[in-house]
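Shown next: data.txt, containing compact mmCIF, C-alpha atoms and all ligand atoms.
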# COMPACT_ATOMS: atom_id res chain seq x y z
CA MET A 134 -5.50 35.70 105.25
CA PRO A 135 -3.04 38.52 104.51
CA HIS A 136 -4.58 41.92 103.97
CA PRO A 137 -4.79 42.49 100.21
CA THR A 138 -4.57 46.27 100.06
CA ILE A 139 -1.74 47.42 102.27
CA THR A 140 -0.28 50.62 100.96
CA SER A 141 1.43 52.27 103.88
CA PRO A 142 3.67 50.82 106.57
CA LEU A 143 1.47 52.47 109.19
CA ILE A 144 -1.55 50.49 108.09
CA ALA A 145 0.59 47.38 107.87
CA LEU A 146 1.65 47.99 111.46
CA ARG A 147 -1.87 48.37 112.77
CA ARG A 148 -3.45 45.52 110.93
CA GLU A 149 -4.27 42.43 113.00
CA LEU A 150 -1.66 39.75 112.48
CA THR A 151 -2.54 36.11 112.00
CA VAL A 152 -1.26 33.57 114.51
CA ALA A 153 1.21 32.32 111.91
CA GLU A 154 2.52 35.86 111.41
CA TYR A 155 2.92 36.37 115.14
CA ALA A 156 4.78 33.08 115.43
CA GLU A 157 7.04 33.79 112.48
CA GLY A 158 7.84 37.30 113.74
CA VAL A 159 8.71 36.04 117.21
CA LEU A 160 10.78 33.12 115.95
CA THR A 161 12.74 35.28 113.51
CA GLY A 162 13.58 37.81 116.20
CA ASP A 163 11.41 40.71 115.09
CA ARG A 164 11.11 43.03 118.09
CA VAL A 165 7.99 44.85 116.89
CA THR A 166 6.18 41.53 116.60
CA LEU A 167 7.54 40.50 120.00
CA GLY A 168 5.89 43.53 121.60
CA ARG A 169 2.66 42.88 119.77
CA ALA A 170 2.68 39.17 120.63
CA ILE A 171 3.03 40.05 124.32
CA THR A 172 0.18 42.54 124.01
CA LEU A 173 -1.90 39.74 122.48
CA VAL A 174 -0.97 37.40 125.32
CA GLU A 175 -1.86 40.09 127.86
CA SER A 176 -5.22 40.86 126.29
CA THR A 177 -8.33 39.76 128.15
CA LEU A 178 -10.60 39.77 125.08
CA PRO A 179 -11.87 36.21 124.52
CA ALA A 180 -10.95 36.30 120.80
CA HIS A 181 -7.40 37.38 121.68
CA GLU A 182 -7.11 34.78 124.41
CA ALA A 183 -7.98 32.04 121.93
CA MET A 184 -5.39 33.38 119.45
CA ALA A 185 -2.81 33.68 122.21
CA GLN A 186 -3.26 30.04 123.18
CA GLU A 187 -2.81 28.99 119.56
CA LEU A 188 0.31 31.13 119.33
CA LEU A 189 1.74 29.67 122.54
CA LEU A 190 1.14 26.18 121.23
CA GLN A 191 3.16 27.02 118.12
CA LEU A 192 5.94 28.59 120.18
CA LEU A 193 6.07 25.80 122.77
CA PRO A 194 8.70 23.68 120.96
CA HIS A 195 11.00 26.71 121.01
CA THR A 196 10.67 27.46 124.72
CA GLY A 197 12.47 26.22 127.79
CA LYS A 198 16.01 27.22 126.89
CA ALA A 199 16.40 30.32 129.06
CA LEU A 200 17.67 30.52 132.57
CA ARG A 201 14.75 31.90 134.55
CA LEU A 202 15.78 34.05 137.48
CA GLY A 203 13.37 35.56 140.01
CA ILE A 204 14.36 38.66 141.95
CA THR A 205 12.56 40.12 144.91
CA GLY A 206 13.34 42.67 147.61
CA ILE A 207 11.62 45.48 149.46
CA PRO A 208 11.06 48.84 147.73
CA GLY A 209 14.41 50.61 147.66
CA ALA A 210 16.52 47.45 148.06
CA GLY A 211 18.03 48.29 144.69
CA LYS A 212 16.27 45.82 142.39
CA SER A 213 16.11 48.14 139.39
CA THR A 214 19.70 49.34 139.83
CA PHE A 215 20.82 45.74 140.31
CA ILE A 216 19.03 44.47 137.19
CA GLU A 217 20.46 47.36 135.18
CA ALA A 218 23.98 46.49 136.33
CA LEU A 219 23.65 42.72 136.03
CA GLY A 220 21.80 42.99 132.71
CA GLY A 221 24.58 45.19 131.34
CA ARG A 222 27.20 42.62 132.28
CA LEU A 223 25.20 39.72 130.89
CA THR A 224 24.53 41.37 127.54
CA ALA A 225 28.21 42.36 127.31
CA ALA A 226 29.03 38.68 127.79
CA GLY A 227 26.77 37.78 124.86
CA HIS A 228 23.53 36.96 126.66
CA LYS A 229 20.12 38.14 125.58
CA VAL A 230 18.19 39.33 128.61
CA ALA A 231 14.46 39.88 129.11
CA VAL A 232 13.14 41.52 132.27
CA LEU A 233 9.50 41.01 133.23
CA ALA A 234 7.84 42.49 136.27
CA ILE A 235 4.98 41.38 138.47
CA ASP A 236 3.56 44.22 140.47
CA PRO A 237 0.92 43.03 142.95
CA SER A 238 -0.25 46.60 143.54
CA SER A 239 -1.06 47.06 139.85
CA THR A 240 -4.00 44.72 140.28
CA ILE A 241 -5.52 47.23 142.70
CA SER A 242 -4.30 50.60 141.44
CA GLY A 243 -4.05 49.80 137.76
CA GLY A 244 -0.71 51.56 137.80
CA SER A 245 2.63 49.97 137.13
CA ILE A 246 5.38 50.93 139.53
CA LEU A 247 7.77 48.16 138.61
CA GLY A 248 9.74 47.61 135.49
CA ASP A 249 10.16 51.36 135.41
CA LYS A 250 12.63 52.14 132.73
CA THR A 251 14.02 55.20 134.48
CA ARG A 252 16.46 53.23 136.63
CA MET A 253 17.13 50.88 133.76
CA GLN A 254 17.89 53.45 131.12
CA GLU A 255 20.88 51.74 129.58
CA LEU A 256 19.32 48.33 129.65
CA SER A 257 16.07 49.53 128.09
CA ALA A 258 18.04 51.01 125.19
CA ASN A 259 20.17 47.88 124.80
CA PRO A 260 19.32 45.88 121.66
CA ASN A 261 20.08 42.63 123.48
CA ALA A 262 17.73 43.42 126.34
CA PHE A 263 14.00 43.77 126.67
CA ILE A 264 12.08 45.23 129.60
CA ARG A 265 8.37 44.65 130.04
CA PRO A 266 6.43 46.20 132.94
CA SER A 267 3.77 44.30 134.83
CA PRO A 268 0.40 43.83 133.12
CA SER A 269 -1.61 46.61 134.69
CA SER A 270 -4.97 45.01 135.24
CA GLY A 271 -6.59 41.85 136.44
CA THR A 272 -6.36 39.69 139.50
CA LEU A 273 -2.93 38.67 140.79
CA GLY A 274 -3.69 35.22 139.41
CA GLY A 275 -4.48 36.73 136.02
CA VAL A 276 -1.38 38.92 136.01
CA THR A 277 0.92 36.06 136.93
CA ARG A 278 -0.64 33.84 134.27
CA LYS A 279 0.08 36.50 131.64
CA THR A 280 3.64 36.91 132.90
CA ARG A 281 4.24 33.19 132.69
CA GLU A 282 2.97 33.12 129.12
CA THR A 283 5.07 36.19 128.28
CA LEU A 284 8.08 34.29 129.61
CA PHE A 285 7.45 31.59 126.99
CA VAL A 286 7.15 34.18 124.21
CA CYS A 287 10.48 35.69 125.32
CA GLU A 288 12.16 32.29 125.32
CA ALA A 289 10.86 31.50 121.84
CA PHE A 290 12.21 34.88 120.71
CA GLY A 291 15.66 33.82 121.85
CA PHE A 292 16.30 35.45 125.22
CA ASP A 293 18.52 33.08 127.16
CA VAL A 294 18.14 34.85 130.48
CA VAL A 295 14.69 35.88 131.69
CA ILE A 296 14.54 37.87 134.91
CA ILE A 297 11.22 38.16 136.71
CA GLU A 298 11.15 41.00 139.19
CA THR A 299 8.63 41.50 141.93
CA VAL A 300 8.44 43.83 144.89
CA GLY A 301 8.83 42.10 148.22
CA THR A 302 5.51 42.66 149.91
CA GLY A 303 4.63 39.08 150.67
CA GLN A 304 1.95 38.70 148.00
CA SER A 305 3.71 37.67 144.85
CA GLU A 306 6.97 36.00 145.89
CA THR A 307 5.52 32.49 145.91
CA VAL A 308 4.02 32.85 142.45
CA VAL A 309 7.31 34.18 141.09
CA ASP A 310 9.21 31.36 142.74
CA ASP A 311 6.81 29.02 141.01
CA MET A 312 7.82 30.21 137.55
CA VAL A 313 11.60 30.53 137.87
CA ASP A 314 14.55 28.16 138.20
CA CYS A 315 16.47 30.24 140.71
CA PHE A 316 15.10 32.72 143.22
CA LEU A 317 17.26 35.62 144.36
CA LEU A 318 16.40 37.65 147.42
CA LEU A 319 17.93 41.13 147.41
CA MET A 320 18.41 42.52 150.92
CA VAL A 321 19.98 45.58 152.45
CA ALA A 322 21.90 45.74 155.69
CA GLY A 323 20.94 47.89 158.62
CA ALA A 324 17.28 47.07 158.79
CA GLY A 325 15.77 44.28 160.84
CA ASP A 326 13.93 41.58 159.00
CA GLU A 327 10.62 43.01 160.17
CA LEU A 328 11.54 46.39 158.77
CA GLN A 329 12.42 44.79 155.49
CA GLY A 330 8.98 43.24 155.33
CA ILE A 331 10.60 39.96 154.49
CA LYS A 332 8.84 37.12 156.16
CA ARG A 333 10.53 33.91 157.12
CA GLY A 334 8.52 32.19 154.42
CA VAL A 335 10.14 34.39 151.78
CA LEU A 336 13.63 33.65 153.09
CA GLU A 337 12.74 29.98 152.74
CA LEU A 338 12.11 30.52 149.03
CA ALA A 339 15.55 31.99 148.41
CA ASP A 340 18.19 30.02 146.52
CA ILE A 341 20.56 32.96 146.86
CA VAL A 342 20.44 35.91 149.26
CA ALA A 343 22.39 38.95 148.09
CA VAL A 344 23.00 41.77 150.55
CA ASN A 345 23.14 44.81 148.27
CA LYS A 346 24.72 48.24 148.77
CA ALA A 347 27.99 46.77 150.06
CA ASP A 348 29.88 49.95 149.19
CA GLY A 349 31.20 53.09 150.88
CA ASP A 350 30.84 53.02 154.65
CA ASN A 351 28.18 50.35 154.39
CA VAL A 352 30.59 47.52 153.57
CA GLN A 353 31.05 46.17 157.08
CA ARG A 354 27.37 46.23 157.89
CA ALA A 355 26.59 44.44 154.65
CA GLU A 356 29.19 41.76 155.40
CA LEU A 357 27.86 41.27 158.90
CA ALA A 358 24.29 40.97 157.61
CA CYS A 359 25.52 38.50 155.01
CA ARG A 360 27.06 36.28 157.70
CA GLN A 361 23.80 36.41 159.65
CA TYR A 362 21.77 35.37 156.62
CA ALA A 363 24.25 32.60 155.87
CA THR A 364 23.72 31.27 159.40
CA GLY A 365 19.94 31.64 159.09
CA LEU A 366 19.88 29.82 155.75
CA HIS A 367 22.03 27.06 157.18
CA PHE A 368 19.28 26.15 159.63
CA MET A 369 16.51 26.10 157.08
CA ARG A 370 15.17 23.07 155.33
CA PRO A 371 16.53 23.29 151.78
CA LYS A 372 14.03 23.52 148.89
CA VAL A 373 15.91 20.82 147.00
CA GLN A 374 18.47 18.29 148.15
CA SER A 375 20.93 19.33 145.47
CA TRP A 376 21.38 22.96 146.54
CA THR A 377 22.21 24.71 149.79
CA PRO A 378 21.11 28.36 149.66
CA GLN A 379 24.00 30.83 149.74
CA ALA A 380 24.37 34.39 150.99
CA VAL A 381 26.66 36.92 149.30
CA VAL A 382 27.27 40.66 149.34
CA CYS A 383 27.12 42.87 146.28
CA SER A 384 26.85 46.45 145.16
CA ALA A 385 24.66 47.31 142.22
CA ARG A 386 26.33 50.72 142.27
CA THR A 387 30.01 49.67 142.09
CA GLY A 388 29.48 46.28 140.51
CA ARG A 389 31.14 44.49 143.40
CA GLY A 390 30.13 40.85 143.67
CA LEU A 391 27.98 40.80 140.54
CA ASP A 392 30.21 38.42 138.60
CA GLU A 393 30.48 36.11 141.61
CA LEU A 394 26.74 36.23 141.98
CA TRP A 395 26.17 35.19 138.41
CA THR A 396 28.69 32.38 138.85
CA LEU A 397 26.55 31.23 141.77
CA VAL A 398 23.37 31.34 139.65
CA GLU A 399 25.09 29.12 137.12
CA ALA A 400 26.41 26.82 139.82
CA HIS A 401 22.84 26.47 141.07
CA ARG A 402 21.67 25.41 137.63
CA ARG A 403 24.55 22.95 137.25
CA ALA A 404 23.92 21.39 140.65
CA LEU A 405 20.21 20.93 140.00
CA THR A 406 20.78 19.64 136.47
CA HIS A 407 23.39 17.17 137.68
CA ALA A 408 20.99 15.80 140.30
CA GLY A 409 18.08 15.65 137.85
CA ASP A 410 16.18 18.26 139.88
CA PHE A 411 16.20 20.98 137.22
CA THR A 412 13.77 19.33 134.82
CA THR A 413 11.67 17.81 137.60
CA HIS A 414 11.28 21.28 139.13
CA ARG A 415 10.03 22.72 135.83
CA GLN A 416 7.68 19.82 135.26
CA GLN A 417 6.19 20.23 138.73
CA GLN A 418 5.75 23.94 138.08
CA LEU A 419 3.75 23.20 134.92
CA VAL A 420 1.48 20.75 136.69
CA ARG A 421 0.90 23.21 139.56
CA TRP A 422 0.20 25.91 136.99
CA MET A 423 -2.40 23.71 135.34
CA TRP A 424 -4.16 23.15 138.66
CA SER A 425 -4.04 26.79 139.64
CA MET A 426 -5.74 27.67 136.35
CA ILE A 427 -8.36 25.01 136.95
CA ASN A 428 -8.95 26.45 140.43
CA GLU A 429 -9.25 29.95 139.10
CA ARG A 430 -11.56 29.13 136.21
CA LEU A 431 -13.69 26.65 138.06
CA LEU A 432 -14.29 29.16 140.82
CA ALA A 433 -15.11 31.91 138.31
CA ALA A 434 -17.52 29.59 136.47
CA MET A 435 -19.14 28.59 139.73
CA ARG A 436 -19.61 32.16 140.91
CA ALA A 437 -21.11 33.11 137.53
CA HIS A 438 -23.53 30.15 137.40
CA PRO A 439 -27.12 31.55 137.65
CA ALA A 440 -28.32 29.02 140.22
CA VAL A 441 -25.23 29.68 142.38
CA LYS A 442 -25.21 33.41 141.91
CA GLU A 443 -28.67 33.96 143.40
CA ARG A 444 -27.84 31.90 146.46
CA ILE A 445 -24.44 33.39 147.31
CA LEU A 446 -25.60 36.46 149.24
CA PRO A 447 -28.38 34.77 151.22
CA LEU A 448 -26.08 31.90 152.14
CA GLU A 449 -23.23 34.22 153.14
CA LEU A 450 -25.70 36.07 155.35
CA ALA A 451 -27.02 32.84 156.84
CA VAL A 452 -23.43 31.79 157.67
CA THR A 453 -22.59 35.08 159.34
CA GLU A 454 -25.81 34.90 161.38
CA GLY A 455 -25.09 31.36 162.44
CA LYS A 456 -28.24 29.96 160.83
CA VAL A 457 -26.34 27.40 158.78
CA THR A 458 -22.82 26.08 159.18
CA ALA A 459 -20.09 27.00 156.68
CA SER A 460 -20.05 23.37 155.61
CA GLN A 461 -23.78 23.34 154.91
CA ALA A 462 -23.57 26.58 152.93
CA ALA A 463 -20.63 25.30 150.90
CA ALA A 464 -22.53 22.09 150.17
CA ALA A 465 -25.61 24.05 149.11
CA LEU A 466 -23.59 26.24 146.71
CA LEU A 467 -21.72 23.28 145.27
CA GLU A 468 -25.00 21.44 144.76
CA ALA A 469 -26.47 24.48 143.00
CA PHE A 470 -23.44 24.26 140.70
CA GLY A 471 -24.16 20.60 140.07
CA VAL A 472 -21.49 19.06 142.27
CA ASP A 473 -22.76 16.12 144.29
CA THR A 474 -21.33 16.57 147.77
CA MET A 475 -22.84 13.46 149.29
N1 LIG A 501 24.96 52.88 147.73
C1 LIG A 501 24.20 52.14 146.95
N2 LIG A 501 23.00 52.58 146.59
C2 LIG A 501 22.23 51.78 145.80
C3 LIG A 501 22.69 50.53 145.35
N3 LIG A 501 21.70 49.97 144.59
C4 LIG A 501 20.69 50.87 144.56
N4 LIG A 501 21.00 51.95 145.29
C5 LIG A 501 20.16 53.14 145.51
O1 LIG A 501 19.01 52.77 146.25
C6 LIG A 501 17.87 53.49 145.79
C7 LIG A 501 16.77 52.52 145.36
O2 LIG A 501 17.22 51.79 144.25
P1 LIG A 501 16.22 51.11 143.21
O3 LIG A 501 17.06 50.36 142.24
O4 LIG A 501 15.25 52.07 142.67
O5 LIG A 501 15.45 50.11 144.17
P2 LIG A 501 14.21 49.16 143.85
O6 LIG A 501 14.37 47.96 144.70
O7 LIG A 501 14.07 48.96 142.39
O8 LIG A 501 13.00 50.01 144.39
P3 LIG A 501 11.44 49.92 143.97
O9 LIG A 501 11.37 49.96 142.47
O10 LIG A 501 10.83 51.09 144.63
O11 LIG A 501 10.90 48.62 144.54
C8 LIG A 501 18.36 54.39 144.66
O12 LIG A 501 18.62 55.65 145.16
C9 LIG A 501 19.63 53.72 144.19
O13 LIG A 501 20.56 54.62 143.63
C10 LIG A 501 24.01 50.11 145.74
O14 LIG A 501 24.49 49.02 145.41
N5 LIG A 501 24.71 50.94 146.55
MG MG A 502 12.51 49.37 141.01
Reformat the file's structure so that it appears as structure tokens.
Ligand SMILES: Nc1nc2c(ncn2[C@@H]2O[C@H](COP(=O)(O)OP(=O)(O)OP(=O)(O)O)[C@@H](O)[C@H]2O)c(=O)[nH]1
Ligand SMILES: [Mg+2]
Amino acid sequence: MPHPTITSPLIALRRELTVAEYAEGVLTGDRVTLGRAITLVESTLPAHEAMAQELLLQLLPHTGKALRLGITGIPGAGKSTFIEALGGRLTAAGHKVAVLAIDPSSTISGGSILGDKTRMQELSANPNAFIRPSPSSGTLGGVTRKTRETLFVCEAFGFDVVIIETVGTGQSETVVDDMVDCFLLLMVAGAGDELQGIKRGVLELADIVAVNKADGDNVQRAELACRQYATGLHFMRPKVQSWTPQAVVCSARTGRGLDELWTLVEAHRRALTHAGDFTTHRQQQLVRWMWSMINERLLAAMRAHPAVKERILPLELAVTEGKVTASQAAAALLEAFGVDTM
């Protein structure tokens, strides 16, 4: 029900919106409502979560149209500078770009180091761009769930490119890969792979490797590193049959290679679409997402169950002391939860 006695815009702004009002605001491109809808989606209050699910259901028919690009790289690789430069080019070419961040450290520190608008000053002031820092609380699973739902809100709003940024520390790359169409690994030359904290597993996720900072006296090193990555990628098992991962050089500072890189992102989409892999990939992501939520919630429900709760500590102790086997303890806890393990 609309509020009957609104007199000032300030009160109007603060009043709780209905789900229909959220949906209408998002679908008609109202940025204030977009921000509020994302805040609703990020909320952990049960009443908000229920509203958010209703909102997402209404938005669902309007989602799916954006190109979803994941970007990772070690701190200092140039992610923010790169997104600022690429985002500027994309908006100039008529795209609407949303940038979302997943910061695994925010789940511990409560702070948000990514999505900082300082290195993305122009983009954050750009009317065709939108930058949203990482949700600053919750488990990594919770944070990534919120980011995925925020992605849908952004698509319904009309962003046709959604970039999801995460810092390359080995914790969140897989979850980002699992919500994007194309995964870009931003590297810098001159550091060994170990120094870059990039594990082989992360390289395996990459659809495109871009060696950044190919400018000034760093050009040759960047090109050499690029050739090495190209060779490395060549020997890896591809993620999909329809695409062979590529390595390129670029400079977020000078803009070198950025247009070529975007051409490659589009070529990736075309190749996957042509082979029928694009839609299959998204469908598989949704099913995996469903199961990961079941895992998360089932486990939380189990841990909170009174009969389980009182047995957790004693059974953990018994396992560490070797009085029962891990299997027996697991069976006992599952049975306390009502799961027949026989
Ligand atoms: N020469 C050169 N410097 C760059 C380039 N891109 C970024 N830098 C510089 O590298 C430093 C780190 O850049 P950021 O964009 O903050 O890197 P980041 O990956 O976002 O770092 P975190 O947010 O800490 O994870 C800054 O001093 C940038 O000016 C580039 O293409 N060439
Ligand atoms: Mg940054």
_Computed interatomic separation between atom O6 of ligand LIG 501 (chain A) and CA of Leu366 (chain A) (Å)_ = 21.9 Å
Kindly list the centre and edge lengths in Å, rounded to one decimal, for the axis-aligned box that covers all listed atoms of ligand LIG 501 (chain A) plus 4 Å on each of its six sides, as JSON.
{"center_x": 17.9, "center_y": 51.8, "center_z": 145.0, "size_x": 22.1, "size_y": 15.7, "size_z": 13.5}
_Please find the residues contacting ligand LIG 501 (chain A) at a distance of at most 6 Å between atoms, with only C-alpha atoms and all ligand atoms counted, and report them as a VMD selection string._
chain A and resid 207 to 214 247 300 345 to 346 348 384 to 386
*Pick out the residues no farther than 12 Å from ligand MG 502 (chain A), counting all atoms listed in the file, and list them as a ChimeraX atom specification.*
/A:204-217,232-236,245-254,266-267,298-301,319
*Suppose you want the space between CA of Met435 (chain A) and CA of Pro447 (chain A); what is it in Å?*
16.0 Å
At a cut-off of 9 Å, using all atoms listed in the file, what residues contact Pro371 (chain A)? Leave out same-chain residues fewer than 4 positions from it and give the result as a PDB file with C-alpha atoms, in the frame of the given file.
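Result file is out_36.pdb:
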ATOM      1  CA  GLU A 337      12.740  29.980 152.740  1.00  0.00           C
ATOM      2  CA  LEU A 338      12.110  30.520 149.030  1.00  0.00           C
ATOM      3  CA  ASP A 340      18.190  30.020 146.520  1.00  0.00           C
ATOM      4  CA  LEU A 366      19.880  29.820 155.750  1.00  0.00           C
ATOM      5  CA  HIS A 367      22.030  27.060 157.180  1.00  0.00           C
ATOM      6  CA  SER A 375      20.930  19.330 145.470  1.00  0.00           C
ATOM      7  CA  TRP A 376      21.380  22.960 146.540  1.00  0.00           C
ATOM      8  CA  THR A 377      22.210  24.710 149.790  1.00  0.00           C
ATOM      9  CA  PRO A 378      21.110  28.360 149.660  1.00  0.00           C
TER      10      PRO A 378
END
*asked:* List the spatial neighbours of region 283-285 of chain A as a list in words - criterion: any atom at most 9 Å away, only C-alpha atoms, same-chain residues fewer than 4 positions off excluded.
replied: Ala170, Ile171, Val174, Glu175, Leu189, Leu192, Leu193, His195, Thr196, Gly197, Arg201, Ala231, Leu233, Arg278, Lys279, Ala289, Phe290, Val295, Ile297 and Met312 of chain A
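Note that the spacing between CA of Gly168 (chain A) and CA of Met423 (chain A) amounts to 25.5 Å.
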For Leu405 (chain A), work out the shell of residues within 10 Å, counting all atoms listed in the file and skipping chain neighbours fewer than 5 positions away, then give it as an mmCIF file with C-alpha atoms, keeping the file's coordinate frame.
data_model
loop_
_atom_site.group_PDB
_atom_site.id
_atom_site.type_symbol
_atom_site.label_atom_id
_atom_site.label_comp_id
_atom_site.auth_asym_id
_atom_site.auth_seq_id
_atom_site.Cartn_x
_atom_site.Cartn_y
_atom_site.Cartn_z
ATOM 1 C CA ASP A 314 14.550 28.160 138.200
ATOM 2 C CA VAL A 373 15.910 20.820 147.000
ATOM 3 C CA GLN A 374 18.470 18.290 148.150
ATOM 4 C CA SER A 375 20.930 19.330 145.470
ATOM 5 C CA TRP A 376 21.380 22.960 146.540
ATOM 6 C CA GLU A 399 25.090 29.120 137.120
ATOM 7 C CA ALA A 400 26.410 26.820 139.820
ATOM 8 C CA ASP A 410 16.180 18.260 139.880
ATOM 9 C CA PHE A 411 16.200 20.980 137.220
ATOM 10 C CA THR A 412 13.770 19.330 134.820
ATOM 11 C CA THR A 413 11.670 17.810 137.600
ATOM 12 C CA HIS A 414 11.280 21.280 139.130
#
